[in-house]
>>> print(open('input-v9.cif').read())   # mmCIF, C-alpha atoms, pLDDT in the B column; chains and numbers go by the auth columns
data_model
loop_
_atom_site.group_PDB
_atom_site.id
_atom_site.type_symbol
_atom_site.label_atom_id
_atom_site.label_comp_id
_atom_site.label_asym_id
_atom_site.label_seq_id
_atom_site.Cartn_x
_atom_site.Cartn_y
_atom_site.Cartn_z
_atom_site.B_iso_or_equiv
_atom_site.auth_seq_id
_atom_site.auth_asym_id
ATOM 1 C CA MET A 1 -45.627 52.240 29.652 87.00 27 A
ATOM 2 C CA ARG A 2 -43.942 49.335 27.926 94.00 28 A
ATOM 3 C CA LEU A 3 -42.363 47.736 31.005 97.00 29 A
ATOM 4 C CA GLN A 4 -45.102 48.277 33.582 97.00 30 A
ATOM 5 C CA GLY A 5 -44.858 45.591 36.272 96.00 31 A
ATOM 6 C CA LYS A 6 -41.460 44.342 35.054 98.00 32 A
ATOM 7 C CA VAL A 7 -38.240 44.165 37.060 98.00 33 A
ATOM 8 C CA ALA A 8 -34.846 44.800 35.457 98.00 34 A
ATOM 9 C CA LEU A 9 -31.231 44.359 36.548 98.00 35 A
ATOM 10 C CA VAL A 10 -28.731 46.685 34.850 98.00 36 A
ATOM 11 C CA THR A 11 -25.073 45.952 35.491 98.00 37 A
ATOM 12 C CA GLY A 12 -22.564 48.801 35.566 96.00 38 A
ATOM 13 C CA SER A 13 -25.337 51.355 35.928 97.00 39 A
ATOM 14 C CA GLY A 14 -23.637 53.838 38.230 95.00 40 A
ATOM 15 C CA ARG A 15 -22.814 56.195 35.370 94.00 41 A
ATOM 16 C CA GLY A 16 -22.788 56.722 31.623 95.00 42 A
ATOM 17 C CA ILE A 17 -24.772 54.418 29.358 97.00 43 A
ATOM 18 C CA GLY A 18 -25.777 52.127 32.225 97.00 44 A
ATOM 19 C CA GLN A 19 -27.261 55.003 34.185 97.00 45 A
ATOM 20 C CA ALA A 20 -29.220 56.178 31.151 98.00 46 A
ATOM 21 C CA ILE A 21 -30.557 52.651 30.623 98.00 47 A
ATOM 22 C CA ALA A 22 -31.680 52.293 34.227 98.00 48 A
ATOM 23 C CA VAL A 23 -33.541 55.611 34.103 98.00 49 A
ATOM 24 C CA ARG A 24 -35.103 54.842 30.697 98.00 50 A
ATOM 25 C CA LEU A 25 -36.426 51.486 31.893 98.00 51 A
ATOM 26 C CA ALA A 26 -37.866 53.194 34.967 98.00 52 A
ATOM 27 C CA ARG A 27 -39.688 55.664 32.746 98.00 53 A
ATOM 28 C CA GLU A 28 -41.259 52.674 31.028 98.00 54 A
ATOM 29 C CA GLY A 29 -42.581 51.419 34.362 97.00 55 A
ATOM 30 C CA ALA A 30 -39.884 48.964 35.445 98.00 56 A
ATOM 31 C CA ARG A 31 -38.424 48.601 38.885 98.00 57 A
ATOM 32 C CA VAL A 32 -34.651 48.568 38.527 98.00 58 A
ATOM 33 C CA ALA A 33 -31.795 46.904 40.373 98.00 59 A
ATOM 34 C CA VAL A 34 -28.882 49.307 39.936 98.00 60 A
ATOM 35 C CA GLU A 35 -25.667 47.268 39.973 98.00 61 A
ATOM 36 C CA ASP A 36 -22.176 48.717 40.207 96.00 62 A
ATOM 37 C CA ARG A 37 -18.800 47.577 41.456 90.00 63 A
ATOM 38 C CA SER A 38 -19.436 49.264 44.792 77.00 64 A
ATOM 39 C CA ASP A 39 -22.382 50.808 46.604 70.00 65 A
ATOM 40 C CA ASN A 40 -21.106 54.300 45.927 84.00 66 A
ATOM 41 C CA ALA A 41 -22.465 57.784 45.413 91.00 67 A
ATOM 42 C CA ALA A 42 -22.787 57.236 41.648 93.00 68 A
ATOM 43 C CA ALA A 43 -24.998 54.166 42.091 95.00 69 A
ATOM 44 C CA GLU A 44 -27.109 55.961 44.669 96.00 70 A
ATOM 45 C CA GLU A 45 -27.468 58.879 42.252 96.00 71 A
ATOM 46 C CA THR A 46 -28.732 56.499 39.584 97.00 72 A
ATOM 47 C CA LEU A 47 -31.286 55.071 41.997 98.00 73 A
ATOM 48 C CA ALA A 48 -32.415 58.602 42.854 98.00 74 A
ATOM 49 C CA GLU A 49 -32.874 59.314 39.140 98.00 75 A
ATOM 50 C CA VAL A 50 -34.790 56.043 38.748 98.00 76 A
ATOM 51 C CA ARG A 51 -37.160 57.222 41.462 98.00 77 A
ATOM 52 C CA ASP A 52 -37.437 60.684 39.931 97.00 78 A
ATOM 53 C CA ALA A 53 -38.463 58.947 36.704 97.00 79 A
ATOM 54 C CA GLY A 54 -41.357 57.319 38.511 94.00 80 A
ATOM 55 C CA GLY A 55 -39.775 53.956 39.232 95.00 81 A
ATOM 56 C CA ASP A 56 -38.228 52.273 42.217 97.00 82 A
ATOM 57 C CA GLY A 57 -35.510 49.763 42.873 98.00 83 A
ATOM 58 C CA CYS A 58 -32.368 49.070 44.845 98.00 84 A
ATOM 59 C CA VAL A 59 -28.585 49.282 44.654 97.00 85 A
ATOM 60 C CA ILE A 60 -26.519 46.097 44.508 97.00 86 A
ATOM 61 C CA ALA A 61 -22.723 46.107 44.692 95.00 87 A
ATOM 62 C CA GLY A 62 -20.443 43.490 43.196 95.00 88 A
ATOM 63 C CA ASP A 63 -17.518 42.736 40.882 95.00 89 A
ATOM 64 C CA ILE A 64 -19.374 41.366 37.870 95.00 90 A
ATOM 65 C CA SER A 65 -16.240 39.609 36.584 97.00 91 A
ATOM 66 C CA THR A 66 -16.580 36.972 39.322 96.00 92 A
ATOM 67 C CA PRO A 67 -19.105 34.159 38.667 97.00 93 A
ATOM 68 C CA GLU A 68 -20.058 33.683 42.308 98.00 94 A
ATOM 69 C CA VAL A 69 -20.693 37.422 42.566 98.00 95 A
ATOM 70 C CA ASP A 70 -22.857 37.285 39.427 98.00 96 A
ATOM 71 C CA ARG A 71 -24.997 34.612 41.046 98.00 97 A
ATOM 72 C CA ASP A 72 -25.195 36.624 44.255 98.00 98 A
ATOM 73 C CA VAL A 73 -26.144 39.837 42.426 98.00 99 A
ATOM 74 C CA VAL A 74 -29.036 38.074 40.681 98.00 100 A
ATOM 75 C CA ALA A 75 -30.104 36.445 43.946 98.00 101 A
ATOM 76 C CA GLN A 76 -30.047 39.803 45.760 98.00 102 A
ATOM 77 C CA ALA A 77 -32.135 41.427 43.030 98.00 103 A
ATOM 78 C CA VAL A 78 -34.713 38.651 43.225 98.00 104 A
ATOM 79 C CA ALA A 79 -34.775 38.703 47.028 98.00 105 A
ATOM 80 C CA THR A 80 -35.213 42.485 47.142 98.00 106 A
ATOM 81 C CA LEU A 81 -37.551 43.056 44.189 98.00 107 A
ATOM 82 C CA GLY A 82 -39.353 39.709 44.054 98.00 108 A
ATOM 83 C CA ARG A 83 -38.371 38.569 40.544 98.00 109 A
ATOM 84 C CA LEU A 84 -36.435 39.532 37.437 98.00 110 A
ATOM 85 C CA ASP A 85 -37.819 39.906 33.940 98.00 111 A
ATOM 86 C CA VAL A 86 -35.016 41.780 32.186 98.00 112 A
ATOM 87 C CA LEU A 87 -31.230 41.532 32.417 99.00 113 A
ATOM 88 C CA VAL A 88 -29.084 44.222 30.821 98.00 114 A
ATOM 89 C CA ASN A 89 -25.423 43.215 30.686 98.00 115 A
ATOM 90 C CA ASN A 90 -23.977 46.713 30.425 98.00 116 A
ATOM 91 C CA ALA A 91 -20.833 46.583 32.605 97.00 117 A
ATOM 92 C CA GLY A 92 -17.723 46.888 30.480 96.00 118 A
ATOM 93 C CA ILE A 93 -14.130 48.092 30.519 95.00 119 A
ATOM 94 C CA GLU A 94 -11.390 48.666 27.976 94.00 120 A
ATOM 95 C CA LYS A 95 -7.613 48.961 28.262 95.00 121 A
ATOM 96 C CA ARG A 96 -5.458 50.449 25.503 94.00 122 A
ATOM 97 C CA ALA A 97 -2.178 48.729 24.644 97.00 123 A
ATOM 98 C CA ASP A 98 -0.305 47.618 21.562 97.00 124 A
ATOM 99 C CA PHE A 99 -0.946 43.911 21.097 98.00 125 A
ATOM 100 C CA LEU A 100 2.719 43.067 21.778 98.00 126 A
ATOM 101 C CA ASP A 101 2.480 44.821 25.144 98.00 127 A
ATOM 102 C CA VAL A 102 -0.834 43.448 26.444 97.00 128 A
ATOM 103 C CA THR A 103 -0.392 41.909 29.885 98.00 129 A
ATOM 104 C CA GLU A 104 -2.190 38.852 31.192 98.00 130 A
ATOM 105 C CA GLY A 105 -3.644 40.993 33.953 98.00 131 A
ATOM 106 C CA ASP A 106 -5.172 43.487 31.559 97.00 132 A
ATOM 107 C CA PHE A 107 -6.475 40.707 29.295 98.00 133 A
ATOM 108 C CA ASP A 108 -8.085 38.937 32.241 98.00 134 A
ATOM 109 C CA ALA A 109 -9.619 42.170 33.512 98.00 135 A
ATOM 110 C CA VAL A 110 -11.256 43.031 30.175 98.00 136 A
ATOM 111 C CA LEU A 111 -12.484 39.528 29.377 98.00 137 A
ATOM 112 C CA GLY A 112 -13.566 39.082 32.980 98.00 138 A
ATOM 113 C CA VAL A 113 -15.986 41.998 32.986 98.00 139 A
ATOM 114 C CA ASN A 114 -17.039 42.074 29.340 98.00 140 A
ATOM 115 C CA LEU A 115 -17.440 38.351 28.654 98.00 141 A
ATOM 116 C CA ARG A 116 -17.296 36.296 31.851 98.00 142 A
ATOM 117 C CA GLY A 117 -19.612 38.740 33.611 98.00 143 A
ATOM 118 C CA ALA A 118 -22.201 38.653 30.826 98.00 144 A
ATOM 119 C CA PHE A 119 -21.939 34.856 30.590 98.00 145 A
ATOM 120 C CA PHE A 120 -22.485 34.033 34.251 98.00 146 A
ATOM 121 C CA ALA A 121 -24.968 36.814 34.997 98.00 147 A
ATOM 122 C CA THR A 122 -27.070 35.500 32.118 98.00 148 A
ATOM 123 C CA GLN A 123 -26.741 31.953 33.409 98.00 149 A
ATOM 124 C CA ALA A 124 -27.983 32.982 36.846 98.00 150 A
ATOM 125 C CA PHE A 125 -30.817 34.987 35.289 98.00 151 A
ATOM 126 C CA ALA A 126 -31.855 32.065 33.067 98.00 152 A
ATOM 127 C CA ARG A 127 -31.892 29.691 36.026 98.00 153 A
ATOM 128 C CA HIS A 128 -34.179 32.117 37.844 98.00 154 A
ATOM 129 C CA VAL A 129 -36.503 32.319 34.827 98.00 155 A
ATOM 130 C CA ARG A 130 -36.559 28.527 34.562 98.00 156 A
ATOM 131 C CA ASP A 131 -37.563 28.237 38.211 97.00 157 A
ATOM 132 C CA ARG A 132 -40.406 30.752 37.989 95.00 158 A
ATOM 133 C CA ASP A 133 -43.000 31.015 35.216 92.00 159 A
ATOM 134 C CA GLY A 134 -40.641 31.512 32.244 93.00 160 A
ATOM 135 C CA GLY A 135 -40.240 34.446 29.912 97.00 161 A
ATOM 136 C CA GLY A 136 -37.735 37.288 29.922 98.00 162 A
ATOM 137 C CA ALA A 137 -35.280 39.351 27.950 98.00 163 A
ATOM 138 C CA VAL A 138 -31.509 39.689 27.982 99.00 164 A
ATOM 139 C CA VAL A 139 -29.913 42.713 26.319 99.00 165 A
ATOM 140 C CA ASN A 140 -26.122 42.895 26.109 98.00 166 A
ATOM 141 C CA VAL A 141 -24.515 46.275 25.559 98.00 167 A
ATOM 142 C CA SER A 142 -21.915 45.256 23.026 98.00 168 A
ATOM 143 C CA SER A 143 -20.080 47.610 20.646 97.00 169 A
ATOM 144 C CA VAL A 144 -19.523 48.282 16.972 96.00 170 A
ATOM 145 C CA HIS A 145 -16.264 46.496 17.737 96.00 171 A
ATOM 146 C CA GLU A 146 -18.073 43.177 17.718 97.00 172 A
ATOM 147 C CA GLU A 147 -17.710 43.756 13.948 95.00 173 A
ATOM 148 C CA LEU A 148 -15.138 46.514 13.525 94.00 174 A
ATOM 149 C CA PRO A 149 -11.417 45.956 14.214 93.00 175 A
ATOM 150 C CA PHE A 150 -10.048 48.125 17.001 93.00 176 A
ATOM 151 C CA PRO A 151 -6.235 48.325 16.868 94.00 177 A
ATOM 152 C CA HIS A 152 -4.557 48.800 20.264 95.00 178 A
ATOM 153 C CA PHE A 153 -7.666 47.341 21.956 96.00 179 A
ATOM 154 C CA ALA A 154 -7.369 43.687 20.961 98.00 180 A
ATOM 155 C CA SER A 155 -8.730 42.373 24.263 98.00 181 A
ATOM 156 C CA TYR A 156 -11.769 44.642 24.050 97.00 182 A
ATOM 157 C CA ALA A 157 -12.536 43.699 20.441 98.00 183 A
ATOM 158 C CA ALA A 158 -12.111 40.009 21.279 98.00 184 A
ATOM 159 C CA SER A 159 -14.509 40.326 24.211 98.00 185 A
ATOM 160 C CA LYS A 160 -17.188 42.044 22.128 98.00 186 A
ATOM 161 C CA GLY A 161 -16.825 39.561 19.280 98.00 187 A
ATOM 162 C CA ALA A 162 -17.306 36.789 21.818 98.00 188 A
ATOM 163 C CA VAL A 163 -20.393 38.503 23.248 98.00 189 A
ATOM 164 C CA LYS A 164 -21.864 38.551 19.738 98.00 190 A
ATOM 165 C CA MET A 165 -21.517 34.781 19.385 98.00 191 A
ATOM 166 C CA LEU A 166 -22.662 34.201 22.970 98.00 192 A
ATOM 167 C CA MET A 167 -25.824 36.191 22.200 98.00 193 A
ATOM 168 C CA ARG A 168 -26.534 34.227 19.015 98.00 194 A
ATOM 169 C CA ASN A 169 -25.963 30.907 20.750 98.00 195 A
ATOM 170 C CA LEU A 170 -28.098 31.737 23.792 98.00 196 A
ATOM 171 C CA ALA A 171 -30.921 33.076 21.631 98.00 197 A
ATOM 172 C CA ILE A 172 -31.341 29.508 20.391 98.00 198 A
ATOM 173 C CA GLU A 173 -30.602 27.685 23.631 98.00 199 A
ATOM 174 C CA LEU A 174 -32.784 29.843 25.874 98.00 200 A
ATOM 175 C CA ALA A 175 -35.736 30.213 23.500 98.00 201 A
ATOM 176 C CA PRO A 176 -37.575 27.240 25.065 98.00 202 A
ATOM 177 C CA LEU A 177 -37.615 29.211 28.340 98.00 203 A
ATOM 178 C CA GLY A 178 -39.183 32.165 26.552 98.00 204 A
ATOM 179 C CA ILE A 179 -36.003 34.227 26.945 98.00 205 A
ATOM 180 C CA ARG A 180 -35.061 36.548 24.107 98.00 206 A
ATOM 181 C CA VAL A 181 -31.387 37.507 23.808 99.00 207 A
ATOM 182 C CA ASN A 182 -30.128 40.470 21.774 99.00 208 A
ATOM 183 C CA ASN A 183 -27.252 42.935 21.608 98.00 209 A
ATOM 184 C CA VAL A 184 -27.239 46.705 21.349 98.00 210 A
ATOM 185 C CA ALA A 185 -23.978 47.856 19.772 98.00 211 A
ATOM 186 C CA PRO A 186 -23.144 51.523 20.343 97.00 212 A
ATOM 187 C CA GLY A 187 -20.688 53.417 18.212 95.00 213 A
ATOM 188 C CA ALA A 188 -18.935 56.509 19.516 92.00 214 A
ATOM 189 C CA VAL A 189 -20.941 57.762 22.487 94.00 215 A
ATOM 190 C CA LYS A 190 -20.277 60.844 24.580 91.00 216 A
ATOM 191 C CA THR A 191 -19.411 59.279 27.946 86.00 217 A
ATOM 192 C CA PRO A 192 -16.536 59.607 30.441 75.00 218 A
ATOM 193 C CA ILE A 193 -14.782 56.579 28.885 72.00 219 A
ATOM 194 C CA ASN A 194 -14.210 58.747 25.769 74.00 220 A
ATOM 195 C CA ALA A 195 -12.833 61.752 27.640 72.00 221 A
ATOM 196 C CA ALA A 196 -9.463 61.606 25.858 76.00 222 A
ATOM 197 C CA LEU A 197 -11.141 61.596 22.457 76.00 223 A
ATOM 198 C CA LEU A 198 -13.441 64.461 23.367 73.00 224 A
ATOM 199 C CA SER A 199 -10.467 66.599 24.373 79.00 225 A
ATOM 200 C CA ASN A 200 -8.567 65.972 21.118 85.00 226 A
ATOM 201 C CA LYS A 201 -10.188 68.133 18.436 87.00 227 A
ATOM 202 C CA ALA A 202 -8.253 66.635 15.521 89.00 228 A
ATOM 203 C CA GLU A 203 -9.182 63.056 16.448 87.00 229 A
ATOM 204 C CA LEU A 204 -12.769 64.036 17.177 90.00 230 A
ATOM 205 C CA ASP A 205 -13.166 65.847 13.855 90.00 231 A
ATOM 206 C CA ALA A 206 -11.718 62.863 11.975 88.00 232 A
ATOM 207 C CA LEU A 207 -14.167 60.538 13.712 89.00 233 A
ATOM 208 C CA LEU A 208 -17.174 62.789 13.065 92.00 234 A
ATOM 209 C CA ALA A 209 -16.257 62.905 9.385 90.00 235 A
ATOM 210 C CA ASN A 210 -16.801 59.136 9.286 90.00 236 A
ATOM 211 C CA ILE A 211 -20.215 59.251 10.959 93.00 237 A
ATOM 212 C CA PRO A 212 -23.005 60.023 8.465 94.00 238 A
ATOM 213 C CA LEU A 213 -25.132 61.701 11.156 95.00 239 A
ATOM 214 C CA ARG A 214 -22.113 63.885 12.039 93.00 240 A
ATOM 215 C CA ARG A 215 -22.448 63.660 15.799 94.00 241 A
ATOM 216 C CA LEU A 216 -21.506 61.438 18.708 94.00 242 A
ATOM 217 C CA GLY A 217 -24.197 59.308 20.251 96.00 243 A
ATOM 218 C CA ARG A 218 -25.822 60.149 23.551 97.00 244 A
ATOM 219 C CA PRO A 219 -26.313 57.598 26.333 97.00 245 A
ATOM 220 C CA GLU A 220 -30.049 58.114 25.835 98.00 246 A
ATOM 221 C CA ASP A 221 -29.748 56.900 22.221 98.00 247 A
ATOM 222 C CA VAL A 222 -28.495 53.557 23.490 98.00 248 A
ATOM 223 C CA ALA A 223 -31.014 53.449 26.325 98.00 249 A
ATOM 224 C CA ASN A 224 -33.904 53.894 23.884 98.00 250 A
ATOM 225 C CA ALA A 225 -32.759 50.856 21.901 98.00 251 A
ATOM 226 C CA VAL A 226 -32.424 48.771 25.068 98.00 252 A
ATOM 227 C CA ALA A 227 -35.923 49.749 26.182 98.00 253 A
ATOM 228 C CA PHE A 228 -37.331 48.559 22.857 98.00 254 A
ATOM 229 C CA LEU A 229 -35.545 45.197 22.958 98.00 255 A
ATOM 230 C CA ALA A 230 -36.559 44.649 26.586 98.00 256 A
ATOM 231 C CA SER A 231 -40.226 45.286 25.816 98.00 257 A
ATOM 232 C CA GLU A 232 -42.972 43.205 24.259 97.00 258 A
ATOM 233 C CA GLU A 233 -42.726 45.409 21.174 98.00 259 A
ATOM 234 C CA ALA A 234 -39.667 43.260 20.392 98.00 260 A
ATOM 235 C CA ALA A 235 -41.448 39.994 21.205 98.00 261 A
ATOM 236 C CA TYR A 236 -40.357 38.431 17.896 98.00 262 A
ATOM 237 C CA VAL A 237 -36.798 39.763 17.974 98.00 263 A
ATOM 238 C CA THR A 238 -34.028 37.495 19.221 98.00 264 A
ATOM 239 C CA GLY A 239 -30.508 36.583 18.186 98.00 265 A
ATOM 240 C CA THR A 240 -29.686 39.920 16.586 98.00 266 A
ATOM 241 C CA THR A 241 -27.589 43.040 17.103 98.00 267 A
ATOM 242 C CA LEU A 242 -29.121 46.500 16.884 98.00 268 A
ATOM 243 C CA PHE A 243 -26.373 48.978 15.974 98.00 269 A
ATOM 244 C CA VAL A 244 -26.714 52.456 17.451 98.00 270 A
ATOM 245 C CA ASP A 245 -23.835 54.191 15.724 96.00 271 A
ATOM 246 C CA GLY A 246 -25.094 57.061 13.562 96.00 272 A
ATOM 247 C CA GLY A 247 -24.073 55.009 10.526 95.00 273 A
ATOM 248 C CA LEU A 248 -20.425 54.727 11.606 93.00 274 A
ATOM 249 C CA LEU A 249 -20.065 51.182 10.254 92.00 275 A
ATOM 250 C CA TRP A 250 -21.011 52.207 6.718 85.00 276 A
ATOM 251 C CA ASN A 251 -17.417 52.484 5.487 75.00 277 A
ATOM 252 C CA TYR A 252 -15.269 53.015 8.555 73.00 278 A
ATOM 253 C CA SER A 253 -11.863 51.553 9.304 67.00 279 A
ATOM 254 C CA GLU A 254 -9.447 52.007 12.175 64.00 280 A
ATOM 255 C CA GLN A 255 -5.898 52.980 11.281 59.00 281 A
#
>>> encode(input="input-v9.cif", output="structure tokens")
Amino acid sequence: MRLQGKVALVTGSGRGIGQAIAVRLAREGARVAVEDRSDNAAAEETLAEVRDAGGDGCVIAGDISTPEVDRDVVAQAVATLGRLDVLVNNAGIEKRADFLDVTEGDFDAVLGVNLRGAFFATQAFARHVRDRDGGGAVVNVSSVHEELPFPHFASYAASKGAVKMLMRNLAIELAPLGIRVNNVAPGAVKTPINAALLSNKAELDALLANIPLRRLGRPEDVANAVAFLASEEAAYVTGTTLFVDGGLLWNYSEQ
């Protein structure tokens, strides 16, 4: 098992991609801190699946968009599980609106979770690594929209573009601490956040026509990539984005 003896914190892991990541890391031997906005049934279900996969862990609740909460979430994970070796910044939200109609509240909400949360959770994690024996991995769940324009989701695209540059910058700055920093960028994945798309056959068919593999991704596809980047098999990989998109970026454009 590639992560035997390691401890991971996965933000936004109550459902969807985050849940799949938490379970995948557990299968690789990691103990997992399951973080979600609240200590709810979904987070507890993820922890149960982590245990079914042969791992163990805990549930931690907190609004990841708030820096003091980020620091507290990391501190709780360390206090409960003894240390952290892997941070997966998975929590993310999106809000659709024409650019001319975007409100400050919606902008702040999206940037707060997607960028501020990743920034300050990583800072708290890096401080912990500095204060112990060094070494660790940060994996941000980004999006193809760190590269691909996304009309009507300007705040989301801006947040993911910023996460790309944050990752590249921190890969250099945190290397002396032995911390590797990478992104996994999913394309279209079958999760609850895409419920509207999944129910619209015309839109879904048009999207599938632009994906060379002719299918949507599964949360497990993303989780497999995260497990690789979190492991020592990726010991010489830092500062890069691994796209998990079925080839969607090959020649795709949003209209």
>>> resolve_selection(input="input-v9.cif", expression="the PyMOL selection byres ((chain A and resi 131-148) around 6)", output="CSV table (one decimal) with C-alpha atoms, keeping the file's coordinate frame")
chain,number,residue,atom,x,y,z
A,90,ILE,CA,-19.4,41.4,37.9
A,91,SER,CA,-16.2,39.6,36.6
A,93,PRO,CA,-19.1,34.2,38.7
A,96,ASP,CA,-22.9,37.3,39.4
A,115,ASN,CA,-25.4,43.2,30.7
A,118,GLY,CA,-17.7,46.9,30.5
A,119,ILE,CA,-14.1,48.1,30.5
A,129,THR,CA,-0.4,41.9,29.9
A,130,GLU,CA,-2.2,38.9,31.2
A,149,GLN,CA,-26.7,32.0,33.4
A,150,ALA,CA,-28.0,33.0,36.8
A,151,PHE,CA,-30.8,35.0,35.3
A,152,ALA,CA,-31.9,32.1,33.1
A,181,SER,CA,-8.7,42.4,24.3
A,185,SER,CA,-14.5,40.3,24.2
>>> residues_near_point(input="input-v9.cif", point="(-37.6, 35.4, 29.3)", cutoff="6 Å", atoms="only C-alpha atoms", output="PyMOL selection string")
chain A and resi 160-163+204-206
>>> write_last_selection(input="input-v9.cif", atoms="C-alpha atoms", output="CSV table (one decimal), keeping the file's coordinate frame")
chain,number,residue,atom,x,y,z
A,160,GLY,CA,-40.6,31.5,32.2
A,161,GLY,CA,-40.2,34.4,29.9
A,162,GLY,CA,-37.7,37.3,29.9
A,163,ALA,CA,-35.3,39.4,28.0
A,204,GLY,CA,-39.2,32.2,26.6
A,205,ILE,CA,-36.0,34.2,26.9
A,206,ARG,CA,-35.1,36.5,24.1
>>> resolve_selection(input="input-v9.cif", expression="the PyMOL selection byres ((chain A and resi 32-47) around 8)", output="ChimeraX atom specification")
/A:29-31,48-51,55-63,68-72,90,100,103,107,109-118,217-218,245-246,248-250,252-253
>>> resolve_selection(input="input-v9.cif", expression="the PyMOL selection byres ((chain A and resi 266) around 7)", output="PyMOL selection string")
chain A and resi 194+208-209+264-265+267-268
>>> closest_residue(input="input-v9.cif", among="A:Gly273, A:Gly88, A:Gly108, A:Pro238", to="Arg158 of chain A", atoms="only C-alpha atoms")
A:Gly108
>>> build_atoms(input="input-v9.cif", residues="segment 74-93 of chain A", atoms="N, CA and C atoms", output="short mmCIF file (atom, residue, chain, number, x, y, z; two decimals), keeping the file's coordinate frame")
data_model
loop_
_atom_site.label_atom_id
_atom_site.label_comp_id
_atom_site.auth_asym_id
_atom_site.auth_seq_id
_atom_site.Cartn_x
_atom_site.Cartn_y
_atom_site.Cartn_z
N ALA A 74 -31.61 57.39 42.65
CA ALA A 74 -32.42 58.60 42.85
C ALA A 74 -33.06 59.04 41.54
N GLU A 75 -32.32 58.94 40.44
CA GLU A 75 -32.87 59.31 39.14
C GLU A 75 -33.95 58.33 38.70
N VAL A 76 -33.76 57.06 39.02
CA VAL A 76 -34.79 56.04 38.75
C VAL A 76 -36.09 56.42 39.46
N ARG A 77 -35.97 56.84 40.70
CA ARG A 77 -37.16 57.22 41.46
C ARG A 77 -37.77 58.51 40.93
N ASP A 78 -36.92 59.45 40.52
CA ASP A 78 -37.44 60.68 39.93
C ASP A 78 -38.20 60.40 38.64
N ALA A 79 -37.80 59.32 37.96
CA ALA A 79 -38.46 58.95 36.70
C ALA A 79 -39.77 58.19 36.94
N GLY A 80 -40.11 57.99 38.19
CA GLY A 80 -41.36 57.32 38.51
C GLY A 80 -41.22 55.86 38.85
N GLY A 81 -40.00 55.35 38.90
CA GLY A 81 -39.78 53.96 39.23
C GLY A 81 -39.27 53.78 40.65
N ASP A 82 -38.83 52.58 40.93
CA ASP A 82 -38.23 52.27 42.22
C ASP A 82 -37.22 51.17 41.99
N GLY A 83 -36.50 50.81 43.04
CA GLY A 83 -35.51 49.76 42.87
C GLY A 83 -34.59 49.67 44.06
N CYS A 84 -33.35 49.25 43.79
CA CYS A 84 -32.37 49.07 44.84
C CYS A 84 -30.98 49.17 44.23
N VAL A 85 -29.99 49.30 45.08
CA VAL A 85 -28.58 49.28 44.65
C VAL A 85 -27.96 47.98 45.11
N ILE A 86 -27.23 47.34 44.20
CA ILE A 86 -26.52 46.10 44.51
C ILE A 86 -25.06 46.27 44.09
N ALA A 87 -24.15 45.96 44.98
CA ALA A 87 -22.72 46.11 44.69
C ALA A 87 -22.11 44.75 44.40
N GLY A 88 -21.14 44.73 43.47
CA GLY A 88 -20.44 43.49 43.20
C GLY A 88 -19.54 43.58 41.99
N ASP A 89 -18.45 42.83 42.00
CA ASP A 89 -17.52 42.74 40.88
C ASP A 89 -18.07 41.73 39.89
N ILE A 90 -18.65 42.21 38.81
CA ILE A 90 -19.37 41.37 37.87
C ILE A 90 -18.48 40.38 37.15
N SER A 91 -17.15 40.53 37.26
CA SER A 91 -16.24 39.61 36.58
C SER A 91 -16.11 38.28 37.31
N THR A 92 -16.71 38.17 38.49
CA THR A 92 -16.58 36.97 39.32
C THR A 92 -17.87 36.17 39.31
N PRO A 93 -17.86 34.92 38.82
CA PRO A 93 -19.10 34.16 38.67
C PRO A 93 -19.93 34.04 39.94
#
